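**Q** Take this structure, written in structure tokens, and hold onto it; I'll ask about it next.
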Amino acid sequence: MAQLKAIASAKIDSFKQDLIAVSSDIWKKPEVAYEEHEAHQNLTNFLEKKGFTVERSYTGIETAFRATFGSGRPNVCVICEYDALPEIGHACGHNLIAEAGVAAGLGLKAVLESSDAPKGMVTVLGTPAEESGGGKIDLLGNGAFDEIDISMMIHPAPYSILKPIFVKRMHLKIKFASKTSQDNALDAAILAYTSISHMRQQIKTTCSIHGIIVDGGCHPNLVPDKSVMEYEIRGLTTSDAHALYKRARTCFEAAANATGCQVIMDNPCKSYDDLNCNSILADLYLRNVRDLGVVDIQETKFENGSTDMGNVSYAVPSIHPMYKIGNGEMYHTRDFKSVTNIPEAHSTTLQWAKAMAHTCVDVMTGEGILDKIKQMHTYHNN
Ligand SMILES: [Zn+2]
């Protein structure tokens, strides 16, 4: 097993300059959710040249891709993200996530080509629109994870965390429409806003609900016949968020009843689930990253954010470790962007990418490990 890990690491080292170049190109040309055309092109061309079977615009999502090598099971999946933030570019370092996914994929391909190759295959999955849109939710819906046994990705951050806590996030759109010319739809929105603000005093401290009025009428001379609100609900777990969603619904319905309006609530379909880290997989990752010389890594930490990897983590056993780059700059800032394309960040990314490849080697070669990981997954989901 150690020999296979050494093969993966050596391959990643040998492609270091190419990997940095791909990542730098993505960083220099930031593209936002679902518009990552050049990143998609760069990554798929690169993987194809390196001998992967590449499917561009995978499952009909223009900027998604799948690159595979090998066949059969287990099918281990390493995930790339590559979308940027509007205005401030790669201030979340997704260029590094792409670099890590491709690096781990190359390492595993070398393992599968070696004389001691284990059974199975590697999938490098290109998942667009993490920052907004939830590309992984689309991919899940299209069956992209159906044949996958485990999945993993790593994310740069101001600190290193093995099992970060990401919360469940639901996005709601609420429309009030008056039934007669006398019903005031803005009143309905104001009532709902006030009810929810009062309710907020009696919710779990780990939950939150906040919203805005997007449309409150067009002229003071006219009784507003429609109004539109948008809300976000966050909870530590999916069930916490759903419980809060139910309470919020009653506020919207009561406001509609009181004002004689009709309420239409879109289903919060593309909500981000909390992150369900598989602890057996995480422990394997920890051992591997420590063997590579990383010492400073916290077990867990509450991140007041969300990721569409949460949804994946409920479908297949997954991990999403975060690793320190820079000097404490917080992500989603211009300061963080300034450290996502520097030599130190690339080196750290490749070190942590090796640990992904090594963890996949453990899963592919370790007697009974995959079964244990899957048992833990089923146990946690029930
Ligand atoms: Zn991010």
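As shown in the structure tokens, the chain order sets the letters A, B, ...; within each chain, residues go from 1, and ligands are also counted from 1 in the order they appear.
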So which residues are near ligand 1, meaning at most 10 Å away with only C-alpha atoms and all ligand atoms counted, given back as a list in words?

**A**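 Selection of residues at most 10 Å from ligand 1: Glu81, Tyr82, Asp83, Ala84, Leu85, His90, Ala91, Cys92, Gly93, His94, Asn95, Ile97, Ala129, Glu130, Glu131, Ile154, His155, Pro156, Ala157, Gly305, Ser306, Thr307, Asp308, Tyr331 and His332 of chain A.
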
**Q** Check the DSSP output for the backbone and give back, as a count of residues only, the residues of range 83-296 of chain A in strand (DSSP E or B).

**A** 56

**Q** Tell me, counting only C-alpha atoms, for each residue of range 78-179 of chain A within 10 Å of range 41-45 of chain A, which pair of atoms is nearest and how far apart they are in Å to one decimal, in rows ordered by chain and increasing number, as JSON lines.

**A**
{"residue": "A:Cys80", "atom": "CA", "partner": "A:Leu43", "partner_atom": "CA", "distance": 9.4}
{"residue": "A:Tyr82", "atom": "CA", "partner": "A:Leu43", "partner_atom": "CA", "distance": 9.5}
{"residue": "A:Ala98", "atom": "CA", "partner": "A:Leu43", "partner_atom": "CA", "distance": 8.1}
{"residue": "A:Glu99", "atom": "CA", "partner": "A:Leu43", "partner_atom": "CA", "distance": 9.0}
{"residue": "A:Val102", "atom": "CA", "partner": "A:Leu43", "partner_atom": "CA", "distance": 8.0}
{"residue": "A:Gly126", "atom": "CA", "partner": "A:Leu43", "partner_atom": "CA", "distance": 8.5}

**Q** Which residue is closest to Leu106 in chain A? Choose from A:Gly51, A:Pro164, A:Pro224, A:Gly134 and count only C-alpha atoms.

**A** A:Gly51

**Q** Can you work out which one of A:Ile7, A:Ile88, A:Val361, A:Leu350 has the shortest atom-to-atom distance to Ser338 in chain A, counting only C-alpha atoms?

**A**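 When distances to Ser338 in chain A are compared using only C-alpha atoms, the smallest one comes from A:Ile88.
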
**Q** Taking only range 103-214 of chain A into account, list the residues labelled helix (DSSP H, G or I) by DSSP (computed from the backbone), as a tab-separated table (two decimals) with C-alpha atoms, in the first residue's frame.

**A**
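Contents of result-v8.tsv, as written:
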chain	number	residue	atom	x	y	z
A	103	ALA	CA	-3.74	16.22	-9.19
A	104	ALA	CA	-5.36	13.48	-7.10
A	105	GLY	CA	-6.89	12.04	-10.29
A	106	LEU	CA	-3.49	11.87	-11.98
A	107	GLY	CA	-1.95	10.22	-8.93
A	108	LEU	CA	-4.68	7.60	-8.87
A	109	LYS	CA	-4.42	6.96	-12.59
A	110	ALA	CA	-0.74	6.13	-12.06
A	111	VAL	CA	-1.74	3.76	-9.24
A	112	LEU	CA	-4.25	2.02	-11.53
A	113	GLU	CA	-1.58	1.67	-14.23
A	135	GLY	CA	-24.11	22.57	-9.67
A	136	LYS	CA	-23.65	19.47	-7.52
A	137	ILE	CA	-27.39	19.41	-6.82
A	138	ASP	CA	-28.04	19.36	-10.59
A	139	LEU	CA	-25.45	16.62	-11.03
A	140	LEU	CA	-26.98	14.58	-8.22
A	141	GLY	CA	-30.41	14.94	-9.81
A	185	ALA	CA	-50.17	42.91	-0.93
A	186	LEU	CA	-47.51	45.15	0.60
A	187	ASP	CA	-49.36	44.93	3.94
A	188	ALA	CA	-49.12	41.16	3.68
A	189	ALA	CA	-45.34	41.40	3.19
A	190	ILE	CA	-44.96	43.84	6.11
A	191	LEU	CA	-47.05	41.60	8.39
A	192	ALA	CA	-45.02	38.55	7.42
A	193	TYR	CA	-41.77	40.44	7.92
A	194	THR	CA	-42.85	41.57	11.39
A	195	SER	CA	-44.11	38.12	12.44
A	196	ILE	CA	-40.86	36.50	11.41
A	197	SER	CA	-38.81	39.16	13.20
A	198	HIS	CA	-40.77	38.38	16.40
A	199	MET	CA	-40.43	34.65	15.87
A	200	ARG	CA	-36.67	35.06	15.57
A	201	GLN	CA	-36.44	35.62	19.32
A	202	GLN	CA	-37.62	32.06	19.94

**Q** Would you work out the distance separating CA of Ile212 in chain A from CA of Met330 in chain A, expressed in Å to one decimal?

**A**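 If I compute the distance from CA of Ile212 in chain A to CA of Met330 in chain A, I get 26.1 Å.
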
**Q** Just checking: using only C-alpha atoms, which residue out of A:Cys77, A:Leu286, A:Ile280, A:Met170 ends up closest to Ile369 in chain A?

**A** A:Ile280

**Q** Just the residues within 8 Å of range 311-328 of chain A, please, counting only C-alpha atoms, with nothing from its chain fewer than 3 positions along; format it as a count of residues only.

**A** 44

**Q** At a cut-off of 8 Å, using only C-alpha atoms, what residues contact Thr123 in chain A? Leave out same-chain residues fewer than 4 positions from it and give the result as a list in words.

**A**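 Final neighbour list, sorted by chain and number: Arg66, Ala67, Thr68, Phe69, Asn75, Val76, Cys77, Val78 and Gly105 of chain A.
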
**Q** Near Lys246 in chain A, within 12 Å and counting only C-alpha atoms, which residues show up once chain neighbours fewer than 5 positions away are dropped, as an NGL selection string?

**A** :A and (170 or 172 or 196 or 233 or 239-241 or 251-253 or 265 or 268)

**Q** Of the candidates A:Lys168, A:Leu47, A:Ser178, A:Asp225, which shows the shortest atom-to-atom distance to Ala243 in chain A, using only C-alpha atoms?

**A**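 Closest to Ala243 in chain A, using only C-alpha atoms: A:Lys168.
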
**Q** Quick one: distance from CA of Thr333 in chain A to CA of Asp18 in chain A in Å, one decimal?

**A**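 CA of Thr333 in chain A sits 27.1 Å away from CA of Asp18 in chain A.
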
**Q** Please compute the CA of Ser57 in chain A-CA of Pro128 in chain A distance, one decimal, in Å.

**A**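 Distance between the two atoms: 10.3 Å.
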
**Q** Counting only C-alpha atoms, figure out which residue out of A:Lys49, A:Arg249, A:Lys29, A:Lys354 gets nearest to Pro86 in chain A.

**A**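 Closest candidate: A:Lys29.
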